[in-house]
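The next block is structure_13.txt, given as compact mmCIF, C-alpha atoms and all ligand atoms.
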# COMPACT_ATOMS: atom_id res chain seq x y z
CA MET A 1 81.50 10.84 245.96
CA LYS A 2 79.28 10.92 242.91
CA LEU A 3 77.92 7.66 241.56
CA ALA A 4 77.69 7.10 237.83
CA GLN A 5 74.14 7.41 236.52
CA ARG A 6 74.25 3.72 235.59
CA ALA A 7 74.72 2.72 239.22
CA ALA A 8 72.51 5.39 240.75
CA GLY A 9 69.51 4.13 238.80
CA ILE A 10 69.80 0.50 239.93
CA SER A 11 67.44 -1.03 242.45
CA PRO A 12 68.56 -4.17 244.30
CA SER A 13 67.01 -7.55 243.46
CA PRO A 14 63.75 -7.66 245.47
CA THR A 15 63.75 -11.46 245.61
CA LEU A 16 67.24 -11.57 247.08
CA ALA A 17 66.35 -8.68 249.43
CA ILE A 18 63.34 -10.53 250.85
CA ASP A 19 65.36 -13.70 251.19
CA GLY A 20 68.02 -11.73 253.06
CA LYS A 21 65.42 -10.31 255.44
CA ALA A 22 63.86 -13.73 256.07
CA LYS A 23 67.28 -15.31 256.70
CA GLN A 24 68.15 -12.47 259.08
CA MET A 25 64.94 -13.09 261.07
CA LYS A 26 65.73 -16.80 261.14
CA ALA A 27 69.23 -16.10 262.47
CA ALA A 28 67.61 -14.02 265.23
CA GLY A 29 65.69 -17.12 266.33
CA ILE A 30 62.35 -16.30 264.65
CA LYS A 31 60.71 -19.27 262.91
CA VAL A 32 60.08 -17.58 259.57
CA ILE A 33 58.44 -19.53 256.79
CA ASN A 34 60.29 -18.47 253.67
CA PHE A 35 58.23 -18.55 250.49
CA GLY A 36 60.35 -15.67 249.22
CA VAL A 37 63.28 -16.87 247.22
CA GLY A 38 63.25 -19.30 244.33
CA GLU A 39 65.98 -21.68 245.39
CA PRO A 40 65.68 -25.49 245.58
CA ASP A 41 65.87 -26.61 249.20
CA PHE A 42 67.52 -29.91 248.20
CA ASP A 43 71.21 -30.56 248.58
CA THR A 44 73.34 -30.79 245.42
CA PRO A 45 73.38 -34.49 244.39
CA GLU A 46 76.32 -36.51 245.71
CA ASN A 47 77.90 -37.40 242.33
CA ILE A 48 78.13 -33.70 241.48
CA LYS A 49 79.79 -32.80 244.77
CA LEU A 50 82.23 -35.68 244.32
CA ALA A 51 83.17 -34.45 240.85
CA ALA A 52 84.09 -31.08 242.36
CA ILE A 53 86.26 -32.71 245.03
CA GLU A 54 87.97 -34.84 242.40
CA ALA A 55 88.59 -31.72 240.30
CA ILE A 56 90.31 -30.03 243.24
CA ASN A 57 92.43 -33.11 243.91
CA ALA A 58 93.36 -33.36 240.23
CA GLY A 59 94.60 -29.77 240.25
CA GLU A 60 91.81 -28.32 238.11
CA THR A 61 92.25 -25.10 239.98
CA ARG A 62 93.62 -22.80 237.31
CA TYR A 63 92.20 -20.40 234.75
CA THR A 64 90.18 -22.11 232.07
CA PRO A 65 89.25 -20.60 228.70
CA ALA A 66 87.09 -17.53 229.46
CA GLY A 67 83.97 -19.00 227.87
CA GLY A 68 84.29 -22.39 229.61
CA THR A 69 86.23 -25.66 229.41
CA VAL A 70 85.97 -27.84 226.31
CA LYS A 71 84.63 -30.66 228.53
CA LEU A 72 81.76 -28.57 229.84
CA LYS A 73 80.97 -27.06 226.46
CA GLN A 74 80.86 -30.57 224.99
CA ALA A 75 78.50 -31.69 227.79
CA ILE A 76 76.30 -28.67 226.97
CA VAL A 77 76.35 -29.44 223.23
CA ASP A 78 75.32 -33.04 224.07
CA LYS A 79 72.57 -31.80 226.38
CA PHE A 80 71.07 -29.58 223.67
CA GLN A 81 71.19 -32.48 221.23
CA LYS A 82 69.64 -34.97 223.67
CA ASP A 83 67.04 -32.77 225.38
CA ASN A 84 66.11 -30.23 222.73
CA GLY A 85 67.06 -31.74 219.38
CA LEU A 86 69.36 -28.75 218.79
CA GLU A 87 72.75 -29.10 217.05
CA TYR A 88 75.37 -26.62 218.22
CA GLN A 89 79.14 -26.44 217.75
CA LEU A 90 81.51 -25.80 220.66
CA ASN A 91 82.09 -22.23 219.47
CA GLN A 92 78.38 -21.51 219.80
CA ILE A 93 78.41 -22.11 223.56
CA ALA A 94 79.53 -19.68 226.27
CA VAL A 95 79.60 -20.64 229.94
CA SER A 96 79.09 -17.88 232.51
CA VAL A 97 78.77 -17.26 236.24
CA GLY A 98 75.12 -18.33 236.49
CA ALA A 99 72.27 -17.88 234.03
CA LYS A 100 71.83 -14.37 235.45
CA HIS A 101 75.30 -13.56 234.14
CA SER A 102 74.57 -15.25 230.79
CA LEU A 103 71.50 -13.02 230.46
CA TYR A 104 73.47 -9.94 231.45
CA ASN A 105 76.11 -10.74 228.82
CA ALA A 106 73.48 -11.40 226.16
CA PHE A 107 71.84 -7.99 226.70
CA GLN A 108 75.26 -6.33 226.71
CA VAL A 109 76.30 -7.76 223.36
CA LEU A 110 72.90 -7.38 221.65
CA CYS A 111 71.45 -4.08 222.84
CA GLU A 112 72.43 -0.43 222.80
CA PRO A 113 70.83 2.99 223.29
CA GLY A 114 67.96 3.45 220.85
CA ASP A 115 66.97 -0.24 220.98
CA GLU A 116 63.75 -1.52 222.51
CA VAL A 117 63.41 -4.85 224.28
CA ILE A 118 59.94 -6.36 224.60
CA LEU A 119 59.44 -7.90 228.01
CA PRO A 120 56.17 -9.74 228.69
CA ALA A 121 54.83 -9.12 232.21
CA PRO A 122 54.78 -10.67 234.75
CA TYR A 123 58.56 -10.91 234.37
CA TRP A 124 61.47 -12.06 236.50
CA VAL A 125 62.99 -9.22 238.49
CA SER A 126 66.45 -8.93 236.95
CA TYR A 127 65.52 -8.53 233.28
CA ILE A 128 64.51 -4.87 233.63
CA GLU A 129 67.73 -3.76 235.30
CA GLN A 130 69.86 -5.77 232.90
CA ILE A 131 68.15 -4.25 229.86
CA LYS A 132 68.59 -0.77 231.32
CA LEU A 133 72.26 -1.48 232.05
CA ALA A 134 72.70 -2.27 228.35
CA GLY A 135 71.31 1.19 227.59
CA ALA A 136 68.18 -0.13 225.87
CA GLU A 137 64.58 0.73 226.58
CA VAL A 138 62.27 -1.79 228.24
CA VAL A 139 58.87 -2.19 226.61
CA ILE A 140 56.68 -4.00 229.12
CA LEU A 141 53.92 -6.01 227.51
CA PRO A 142 51.26 -7.12 230.00
CA THR A 143 49.67 -10.57 229.65
CA ARG A 144 46.30 -11.66 231.04
CA GLN A 145 45.65 -14.11 233.89
CA GLU A 146 42.69 -15.49 231.86
CA ASN A 147 45.20 -16.49 229.20
CA ASP A 148 47.52 -18.18 231.74
CA PHE A 149 49.74 -15.10 231.54
CA LYS A 150 50.75 -16.02 228.00
CA LEU A 151 51.22 -13.60 225.14
CA THR A 152 49.23 -13.97 221.92
CA PRO A 153 50.84 -13.30 218.52
CA GLY A 154 48.46 -10.34 218.04
CA GLU A 155 49.50 -8.75 221.34
CA LEU A 156 53.16 -9.25 220.42
CA GLU A 157 52.74 -7.77 216.94
CA GLN A 158 51.16 -4.62 218.35
CA ALA A 159 54.13 -3.91 220.61
CA ILE A 160 56.72 -4.13 217.84
CA THR A 161 58.21 -0.91 216.50
CA PRO A 162 61.11 -0.27 214.10
CA LYS A 163 63.30 0.02 217.21
CA THR A 164 62.48 -3.43 218.61
CA ARG A 165 65.71 -5.38 218.81
CA VAL A 166 65.08 -8.21 221.29
CA PHE A 167 62.15 -10.21 222.63
CA LEU A 168 62.58 -11.84 226.02
CA LEU A 169 60.91 -15.23 226.40
CA ASN A 170 60.83 -17.16 229.68
CA SER A 171 59.10 -20.52 229.51
CA PRO A 172 58.56 -22.08 232.04
CA SER A 173 58.02 -18.71 233.62
CA ASN A 174 59.18 -17.18 236.86
CA PRO A 175 56.88 -15.99 238.50
CA THR A 176 53.74 -17.47 236.89
CA GLY A 177 54.81 -21.04 236.05
CA SER A 178 53.23 -20.68 232.58
CA VAL A 179 54.57 -22.86 229.81
CA TYR A 180 54.15 -22.18 226.09
CA SER A 181 53.26 -25.08 223.81
CA ARG A 182 55.05 -25.81 220.55
CA GLU A 183 52.17 -24.28 218.56
CA GLU A 184 52.14 -21.12 220.67
CA LEU A 185 55.90 -20.73 220.30
CA ALA A 186 55.70 -21.29 216.55
CA ALA A 187 53.05 -18.56 216.26
CA LEU A 188 55.14 -16.07 218.27
CA GLY A 189 58.22 -17.11 216.32
CA GLU A 190 56.54 -16.31 213.03
CA VAL A 191 55.84 -12.73 214.16
CA LEU A 192 59.39 -12.30 215.47
CA LEU A 193 61.00 -13.61 212.30
CA LYS A 194 58.84 -11.35 210.16
CA HIS A 195 60.27 -8.33 212.00
CA ASN A 196 63.80 -9.74 212.29
CA ILE A 197 63.81 -9.62 216.11
CA THR A 198 66.34 -11.55 218.18
CA ILE A 199 64.93 -13.82 220.88
CA ILE A 200 66.57 -14.30 224.24
CA SER A 201 64.97 -17.50 225.53
CA ASP A 202 65.53 -18.06 229.24
CA GLU A 203 64.98 -21.80 229.74
CA ILE A 204 66.42 -22.14 233.25
CA TYR A 205 63.28 -23.96 234.49
CA GLU A 206 63.30 -26.43 231.58
CA LYS A 207 63.52 -29.50 233.83
CA LEU A 208 60.86 -28.37 236.28
CA LEU A 209 57.74 -29.30 234.35
CA TYR A 210 54.58 -31.05 235.57
CA ASP A 211 51.58 -32.95 234.24
CA GLY A 212 53.73 -34.82 231.70
CA LEU A 213 54.53 -31.65 229.74
CA GLU A 214 57.56 -31.61 227.46
CA HIS A 215 59.87 -28.60 227.29
CA ILE A 216 60.08 -27.00 223.87
CA SER A 217 62.89 -24.61 223.05
CA ILE A 218 61.76 -21.96 220.57
CA ALA A 219 65.14 -22.40 218.87
CA SER A 220 64.21 -25.99 217.98
CA ILE A 221 61.13 -25.04 215.98
CA SER A 222 62.94 -24.07 212.76
CA PRO A 223 66.50 -23.37 211.55
CA GLU A 224 65.48 -19.71 211.07
CA LEU A 225 64.39 -19.41 214.68
CA LYS A 226 67.59 -21.10 215.85
CA GLU A 227 69.59 -18.49 213.90
CA ASN A 228 67.66 -15.73 215.71
CA THR A 229 67.71 -17.11 219.24
CA VAL A 230 70.06 -16.98 222.20
CA VAL A 231 69.12 -19.86 224.49
CA ILE A 232 69.94 -19.34 228.15
CA ASN A 233 70.09 -22.19 230.65
CA GLY A 234 72.07 -23.30 233.68
CA VAL A 235 72.46 -25.86 236.43
CA SER A 236 71.11 -23.86 239.40
CA LYS A 237 67.49 -24.97 239.37
CA ALA A 238 67.59 -28.45 237.81
CA TYR A 239 70.47 -29.76 239.93
CA ALA A 240 70.03 -27.71 243.11
CA MET A 241 73.30 -25.87 242.37
CA THR A 242 72.38 -22.23 243.01
CA GLY A 243 75.59 -21.48 244.90
CA TRP A 244 77.91 -23.01 242.31
CA ARG A 245 77.17 -20.24 239.78
CA ILE A 246 77.21 -21.90 236.38
CA GLY A 247 74.94 -20.79 233.55
CA TYR A 248 75.38 -20.99 229.81
CA CYS A 249 74.09 -19.81 226.48
CA ALA A 250 73.89 -21.26 223.01
CA ALA A 251 73.81 -18.78 220.17
CA PRO A 252 74.99 -18.08 216.63
CA THR A 253 78.81 -18.06 216.62
CA PRO A 254 79.39 -14.26 216.53
CA ILE A 255 77.13 -13.77 219.58
CA ALA A 256 78.72 -16.61 221.58
CA LYS A 257 82.16 -15.24 220.68
CA ALA A 258 81.22 -11.68 221.69
CA ILE A 259 79.93 -13.00 225.03
CA SER A 260 83.16 -14.93 225.70
CA ASP A 261 85.24 -11.91 224.70
CA LEU A 262 83.20 -9.57 226.92
CA GLN A 263 83.49 -12.00 229.79
CA SER A 264 87.26 -12.33 229.30
CA HIS A 265 87.49 -8.72 230.55
CA SER A 266 85.10 -9.03 233.50
CA THR A 267 84.99 -12.35 235.33
CA SER A 268 87.38 -14.36 233.11
CA ASN A 269 86.25 -17.97 233.36
CA PRO A 270 83.54 -19.21 235.71
CA THR A 271 85.05 -21.20 238.61
CA SER A 272 87.00 -24.18 237.27
CA ILE A 273 85.74 -26.49 240.03
CA ALA A 274 82.10 -25.57 239.50
CA GLN A 275 82.57 -26.21 235.78
CA ALA A 276 83.85 -29.73 236.52
CA ALA A 277 80.85 -30.31 238.80
CA SER A 278 78.51 -29.13 236.05
CA VAL A 279 79.97 -31.70 233.64
CA ALA A 280 78.94 -34.38 236.15
CA ALA A 281 75.50 -32.78 236.51
CA LEU A 282 74.82 -32.81 232.76
CA ASN A 283 76.49 -36.12 231.88
CA GLY A 284 75.66 -38.09 235.03
CA PRO A 285 72.50 -39.92 236.12
CA GLN A 286 69.40 -37.72 236.10
CA ASP A 287 67.43 -39.62 238.81
CA ALA A 288 67.91 -36.85 241.36
CA VAL A 289 66.24 -34.39 238.98
CA TYR A 290 63.18 -36.63 238.57
CA GLU A 291 62.96 -37.11 242.34
CA MET A 292 63.09 -33.37 242.96
CA VAL A 293 60.45 -32.70 240.29
CA ALA A 294 58.15 -35.34 241.83
CA GLU A 295 58.53 -33.65 245.22
CA PHE A 296 57.92 -30.16 243.76
CA ASP A 297 54.81 -31.51 242.06
CA LYS A 298 53.35 -32.69 245.40
CA ARG A 299 54.05 -29.31 246.93
CA ARG A 300 52.55 -27.47 243.96
CA ASN A 301 49.30 -29.39 244.20
CA TYR A 302 49.04 -28.98 247.95
CA MET A 303 49.86 -25.27 247.97
CA LEU A 304 47.53 -24.50 245.07
CA GLU A 305 44.66 -26.36 246.69
CA ARG A 306 45.15 -24.64 250.04
CA LEU A 307 45.57 -21.17 248.51
CA THR A 308 42.64 -21.31 246.12
CA SER A 309 40.36 -22.58 248.88
CA ILE A 310 40.87 -19.23 250.63
CA ALA A 311 37.99 -16.87 249.78
CA GLY A 312 38.88 -14.24 247.16
CA ILE A 313 42.15 -15.81 245.99
CA THR A 314 42.47 -16.96 242.38
CA CYS A 315 45.49 -18.60 240.81
CA PRO A 316 46.03 -20.40 237.50
CA LYS A 317 47.62 -23.83 237.94
CA PRO A 318 51.33 -23.42 237.17
CA LYS A 319 52.75 -25.93 234.69
CA GLY A 320 56.40 -25.44 235.53
CA ALA A 321 59.05 -23.83 237.79
CA PHE A 322 58.31 -23.68 241.53
CA TYR A 323 56.15 -20.62 242.08
CA LEU A 324 52.50 -19.73 242.55
CA PHE A 325 51.39 -16.26 241.53
CA PRO A 326 47.94 -15.79 243.07
CA ASN A 327 45.77 -12.73 242.63
CA VAL A 328 45.16 -11.30 246.10
CA SER A 329 43.52 -8.02 245.12
CA ALA A 330 40.29 -9.03 246.91
CA TYR A 331 42.14 -8.18 250.14
CA PHE A 332 43.15 -4.66 249.10
CA GLY A 333 41.31 -2.08 251.16
CA LYS A 334 41.11 -4.39 254.20
CA SER A 335 43.11 -3.64 257.31
CA TYR A 336 44.98 -5.30 260.16
CA GLN A 337 44.83 -3.50 263.50
CA GLY A 338 44.24 -0.17 261.78
CA LYS A 339 46.90 -0.70 259.07
CA THR A 340 45.30 -0.65 255.63
CA ILE A 341 46.49 -3.00 252.92
CA ASN A 342 46.55 -0.98 249.71
CA ASN A 343 48.58 -3.33 247.54
CA GLY A 344 50.67 -6.49 247.43
CA THR A 345 53.63 -4.76 249.05
CA ASP A 346 51.55 -3.81 252.12
CA LEU A 347 50.25 -7.37 252.28
CA ALA A 348 53.73 -8.90 252.02
CA ASN A 349 55.13 -6.54 254.66
CA LEU A 350 52.33 -7.20 257.14
CA LEU A 351 52.44 -10.92 256.52
CA LEU A 352 56.15 -10.98 257.34
CA GLU A 353 55.72 -8.77 260.39
CA VAL A 354 52.61 -10.40 261.86
CA ALA A 355 52.61 -13.99 260.63
CA GLU A 356 56.34 -14.34 259.93
CA VAL A 357 55.79 -15.62 256.41
CA ALA A 358 57.95 -14.22 253.59
CA ILE A 359 56.40 -13.76 250.14
CA VAL A 360 57.31 -11.43 247.27
CA PRO A 361 54.95 -8.62 246.25
CA GLY A 362 53.79 -8.93 242.64
CA ILE A 363 54.89 -5.41 241.78
CA ALA A 364 58.48 -6.73 241.72
CA PHE A 365 57.36 -8.76 238.69
CA GLY A 366 55.23 -5.99 237.19
CA SER A 367 51.85 -7.06 238.55
CA ASN A 368 50.33 -5.21 241.47
CA ASP A 369 47.37 -7.56 242.02
CA ASN A 370 49.48 -10.64 242.70
CA VAL A 371 52.06 -11.97 245.11
CA ARG A 372 54.61 -14.73 244.52
CA LEU A 373 55.03 -17.77 246.74
CA SER A 374 57.87 -20.20 246.10
CA TYR A 375 57.19 -23.84 246.97
CA ALA A 376 60.86 -24.73 246.96
CA THR A 377 60.57 -25.54 250.65
CA SER A 378 59.42 -28.61 252.60
CA LEU A 379 55.80 -29.73 252.65
CA GLU A 380 55.90 -29.30 256.41
CA ASN A 381 56.89 -25.63 256.00
CA ILE A 382 54.26 -25.17 253.31
CA LYS A 383 51.53 -26.52 255.63
CA GLU A 384 52.65 -24.28 258.46
CA GLY A 385 52.97 -21.24 256.17
CA LEU A 386 49.52 -21.75 254.67
CA ASP A 387 47.99 -22.14 258.15
CA ARG A 388 49.53 -18.81 259.09
CA ILE A 389 48.42 -17.07 255.89
CA GLU A 390 44.86 -18.37 256.29
CA LYS A 391 44.71 -17.19 259.88
CA PHE A 392 46.18 -13.79 259.01
CA LEU A 393 43.75 -13.17 256.15
CA ALA A 394 40.81 -14.24 258.30
CA GLU A 395 41.77 -11.59 260.85
CA LEU A 396 41.63 -8.74 258.33
CA GLN A 397 38.74 -6.34 258.58
N1 LIG B 401 66.26 -16.68 235.04
C1 LIG B 401 65.23 -16.85 235.87
C2 LIG B 401 63.84 -16.73 235.32
C3 LIG B 401 65.43 -17.12 237.23
O1 LIG B 401 64.40 -17.28 238.04
C4 LIG B 401 66.75 -17.21 237.70
C5 LIG B 401 66.96 -17.49 239.17
N2 LIG B 401 67.75 -16.67 239.84
C6 LIG B 401 67.79 -17.02 236.79
C7 LIG B 401 67.52 -16.76 235.47
C8 LIG B 401 69.23 -17.04 237.18
O2 LIG B 401 69.67 -18.25 237.71
P1 LIG B 401 71.19 -18.49 238.07
O3 LIG B 401 71.92 -17.20 237.91
O4 LIG B 401 71.20 -18.99 239.47
O5 LIG B 401 71.68 -19.51 237.11
N1 LIG B 402 65.45 -16.72 240.66
C1 LIG B 402 65.26 -16.72 242.06
C2 LIG B 402 64.03 -15.92 242.43
O1 LIG B 402 63.39 -15.35 241.59
C3 LIG B 402 66.50 -16.34 242.80
C4 LIG B 402 66.63 -14.92 243.23
C5 LIG B 402 67.29 -14.04 242.23
O2 LIG B 402 68.24 -14.48 241.59
O3 LIG B 402 66.80 -12.93 242.08
O4 LIG B 402 63.70 -15.91 243.57
Output the file's structure as structure tokens, nothing else.
Amino acid sequence: MKLAQRAAGISPSPTLAIDGKAKQMKAAGIKVINFGVGEPDFDTPENIKLAAIEAINAGETRYTPAGGTVKLKQAIVDKFQKDNGLEYQLNQIAVSVGAKHSLYNAFQVLCEPGDEVILPAPYWVSYIEQIKLAGAEVVILPTRQENDFKLTPGELEQAITPKTRVFLLNSPSNPTGSVYSREELAALGEVLLKHNITIISDEIYEKLLYDGLEHISIASISPELKENTVVINGVSKAYAMTGWRIGYCAAPTPIAKAISDLQSHSTSNPTSIAQAASVAALNGPQDAVYEMVAEFDKRRNYMLERLTSIAGITCPKPKGAFYLFPNVSAYFGKSYQGKTINNGTDLANLLLEVAEVAIVPGIAFGSNDNVRLSYATSLENIKEGLDRIEKFLAELQ
């Protein structure tokens, strides 16, 4: 049977693939250290789980409006007001099946063949496929490690053509952990407004910030930028709710409406019970978030210190999210028992095979010289994993 071109051209998510492999090894009794997937290792906070149970008992088990319940949309409107100083109306919010789905919907309603989407690299794995699925062309714009992997307004300006339709912004970033300041966002925003380019701003790691940094949404910088931005967020990362599948967007009314309408023909509403749980996440006490961030911060510092003390490895200090993206190119050309490491993929494969540590090769994020390690795992695992990595690298010839 012939597959449509759309499907034939898709490659599976490399982060989920590595996670699957690591989990398979674990199930086979191998003590794998999994630095592969970006998923909080904490349990969903109790008050959120209780809200879901209460929703089931109260019979909230039916279809909801396709774009989300009024209660959840109101909680999202309140969140934007409280956290970001952004005023939205209920009809400017659309709730979807995870932020990944919100992003997918946004590309679908904004892009078409002939459009270009500027994607700064390193980038999260799913953007490329989602842009291609919308029929648009991906324009990858590399950033420099010396500049904390952040784009300058000049670099952005140079990549813009008359076909540029959307700019993808992800701050805090997966995989680099870079965070743009208000001034940096304002400078990028000025360029984007000048060329009338829509911004998709993926802010899923908003709550995972360190060193006292404050999250700035590019939409909050001026009313003009708000009019040109689709903000994407969700509950997966902040509230350890990856399996619940709730993400959302805030956008000018016609875009939010188009997303809800599109969704009404694909998934219909996101799960009613998960929506009720998300209301509790957003409206309830936020202590669990602060506790998780404090724990991630300890892990970040420990992992960074251990990694950068290994000869040849460099890594900017991430300011947000829960990833390190070290440059490991000093090890390319070395070999393990006759097997040469030519790139990050070889290194990741050998590391999994020999040392039983899962990491993601940087090429998945558009950067061959790096690899990604997630520190969303216990400090005990991080210590053990770093011991193994150090030993493995020392054995290379
Ligand atoms: N954006 C980024 C940058 C991510 O790392 C993730 C994590 N999978 C998502 C979006 C999607 O998150 P989710 O679909 O779980 O809400
Ligand atoms: N965002 C996570 C990661 O990058 C989850 C995996 C995925 O959705 O691709 O590892």
Write out, as a Markdown table, each residue of chain A that has an atom at most 8 Å from ligand LIG 402 (chain B), together with the closest pair of atoms and their distance in Å to one decimal, counting all atoms listed in the file, rows going by chain and rising number.
| residue | atom | partner | partner_atom | distance |
| --- | --- | --- | --- | --- |
| A:Ser13 | CA | B:LIG402 | O3 | 5.6 |
| A:Pro14 | CA | B:LIG402 | O3 | 7.0 |
| A:Thr15 | CA | B:LIG402 | O3 | 4.9 |
| A:Leu16 | CA | B:LIG402 | C4 | 5.1 |
| A:Gly36 | CA | B:LIG402 | O4 | 6.6 |
| A:Val37 | CA | B:LIG402 | O4 | 3.8 |
| A:Gly38 | CA | B:LIG402 | O4 | 3.5 |
| A:Glu39 | CA | B:LIG402 | C3 | 6.0 |
| A:Lys100 | CA | B:LIG402 | O2 | 7.1 |
| A:Trp124 | CA | B:LIG402 | O1 | 6.4 |
| A:Val125 | CA | B:LIG402 | O3 | 6.4 |
| A:Ser126 | CA | B:LIG402 | O3 | 6.5 |
| A:Asn174 | CA | B:LIG402 | O1 | 6.6 |
| A:Pro175 | CA | B:LIG402 | O1 | 7.2 |
| A:Ser374 | CA | B:LIG402 | O4 | 7.7 |
Nearby residues, ligand LIG 401 (chain B), 10 Å, all atoms listed in the file, as a ChimeraX atom specification: /A:13,15-16,37-39,96-104,123-127,169-175,201-205,232-238,240-248,321-323
For the point (44.6, -4.5, 256.0) in file coordinates, what residues are within 12 Å, counting all atoms listed in the file? Give the answer as a PDB file with C-alpha atoms, in the frame of the given file?
ATOM      1  CA  SER A 329      43.520  -8.020 245.120  1.00  0.00           C
ATOM      2  CA  ALA A 330      40.290  -9.030 246.910  1.00  0.00           C
ATOM      3  CA  TYR A 331      42.140  -8.180 250.140  1.00  0.00           C
ATOM      4  CA  PHE A 332      43.150  -4.660 249.100  1.00  0.00           C
ATOM      5  CA  GLY A 333      41.310  -2.080 251.160  1.00  0.00           C
ATOM      6  CA  LYS A 334      41.110  -4.390 254.200  1.00  0.00           C
ATOM      7  CA  SER A 335      43.110  -3.640 257.310  1.00  0.00           C
ATOM      8  CA  TYR A 336      44.980  -5.300 260.160  1.00  0.00           C
ATOM      9  CA  GLN A 337      44.830  -3.500 263.500  1.00  0.00           C
ATOM     10  CA  GLY A 338      44.240  -0.170 261.780  1.00  0.00           C
ATOM     11  CA  LYS A 339      46.900  -0.700 259.070  1.00  0.00           C
ATOM     12  CA  THR A 340      45.300  -0.650 255.630  1.00  0.00           C
ATOM     13  CA  ILE A 341      46.490  -3.000 252.920  1.00  0.00           C
ATOM     14  CA  ASN A 342      46.550  -0.980 249.710  1.00  0.00           C
ATOM     15  CA  ASN A 343      48.580  -3.330 247.540  1.00  0.00           C
ATOM     16  CA  GLY A 344      50.670  -6.490 247.430  1.00  0.00           C
ATOM     17  CA  THR A 345      53.630  -4.760 249.050  1.00  0.00           C
ATOM     18  CA  ASP A 346      51.550  -3.810 252.120  1.00  0.00           C
ATOM     19  CA  LEU A 347      50.250  -7.370 252.280  1.00  0.00           C
ATOM     20  CA  ALA A 348      53.730  -8.900 252.020  1.00  0.00           C
ATOM     21  CA  ASN A 349      55.130  -6.540 254.660  1.00  0.00           C
ATOM     22  CA  LEU A 350      52.330  -7.200 257.140  1.00  0.00           C
ATOM     23  CA  LEU A 351      52.440 -10.920 256.520  1.00  0.00           C
ATOM     24  CA  VAL A 354      52.610 -10.400 261.860  1.00  0.00           C
ATOM     25  CA  PHE A 392      46.180 -13.790 259.010  1.00  0.00           C
ATOM     26  CA  LEU A 393      43.750 -13.170 256.150  1.00  0.00           C
ATOM     27  CA  ALA A 394      40.810 -14.240 258.300  1.00  0.00           C
ATOM     28  CA  GLU A 395      41.770 -11.590 260.850  1.00  0.00           C
ATOM     29  CA  LEU A 396      41.630  -8.740 258.330  1.00  0.00           C
ATOM     30  CA  GLN A 397      38.740  -6.340 258.580  1.00  0.00           C
TER      31      GLN A 397
END
For the interface of range 179-294 of chain A with range 301-313 of chain A (cut-off 12 Å, counting all atoms listed in the file), please tabulate each contacting residue of range 179-294 of chain A alongside its nearest pair of atoms and their separation in Å to one decimal, rows sorted by chain and increasing number, as CSV.
residue,atom,partner,partner_atom,distance
A:Tyr210,CA,A:Asn301,CA,10.3
A:Asp211,CA,A:Asn301,CA,10.8
A:Ala294,CA,A:Asn301,CA,10.9
Minimum-distance residue to Glu155 in chain A, chosen among A:Ile259, A:Ile33, A:Ala276, A:Ile140 (using all atoms listed in the file):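 Looking only at the distances to Glu155 in chain A, the closest residue turns out to be A:Ile140.
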Pairwise distance for CA of Glu353 in chain A and CA of Arg299 in chain A, rounded to one decimal in Å: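 Atom-to-atom, CA of Glu353 in chain A to CA of Arg299 in chain A, that is 24.6 Å.
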For Ala17 in chain A, the nearest of the candidates A:Leu133, A:Ala364, A:Ile53, A:Ile218, counting only C-alpha atoms: A:Ala364
Nearby residues, (63.2, 0.9, 223.4) file frame, 10 Å, all atoms listed in the file, as a PyMOL selection string: chain A and resi 111-118+131-132+135-140+160-166
Point-to-point distance in Å for CA of Phe167 in chain A and CA of Leu110 in chain A: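 A separation of 11.2 Å between them.
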Counting all atoms listed in the file, the option among A:Gly154, A:Gly320, A:Pro142, A:Gly67 closest to Leu213 in chain A: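 Among A:Gly154, A:Gly320, A:Pro142, A:Gly67, it is A:Gly320 that comes nearest to Leu213 in chain A.
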Gap from CA of Tyr180 in chain A to CA of Ile216 in chain A - Å, one decimal: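 Calculated distance between CA of Tyr180 in chain A and CA of Ile216 in chain A is 8.0 Å.
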Of the listed residues A:Arg144, A:Glu129, A:Leu90, A:Asp83, that which approaches Glu206 in chain A most closely, counting all atoms listed in the file: A:Asp83
Selected residue, from A:Ile389, A:Ala121, A:Val109, A:Leu188, that lies nearest to Gln145 in chain A when counting only C-alpha atoms: A:Ala121
Nearest to Leu193 in chain A, chosen from A:Val357, A:Ala27, A:Leu225, A:Leu3, with all atoms listed in the file counted in the distances: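 Nearest candidate to Leu193 in chain A out of A:Val357, A:Ala27, A:Leu225, A:Leu3: A:Leu225.
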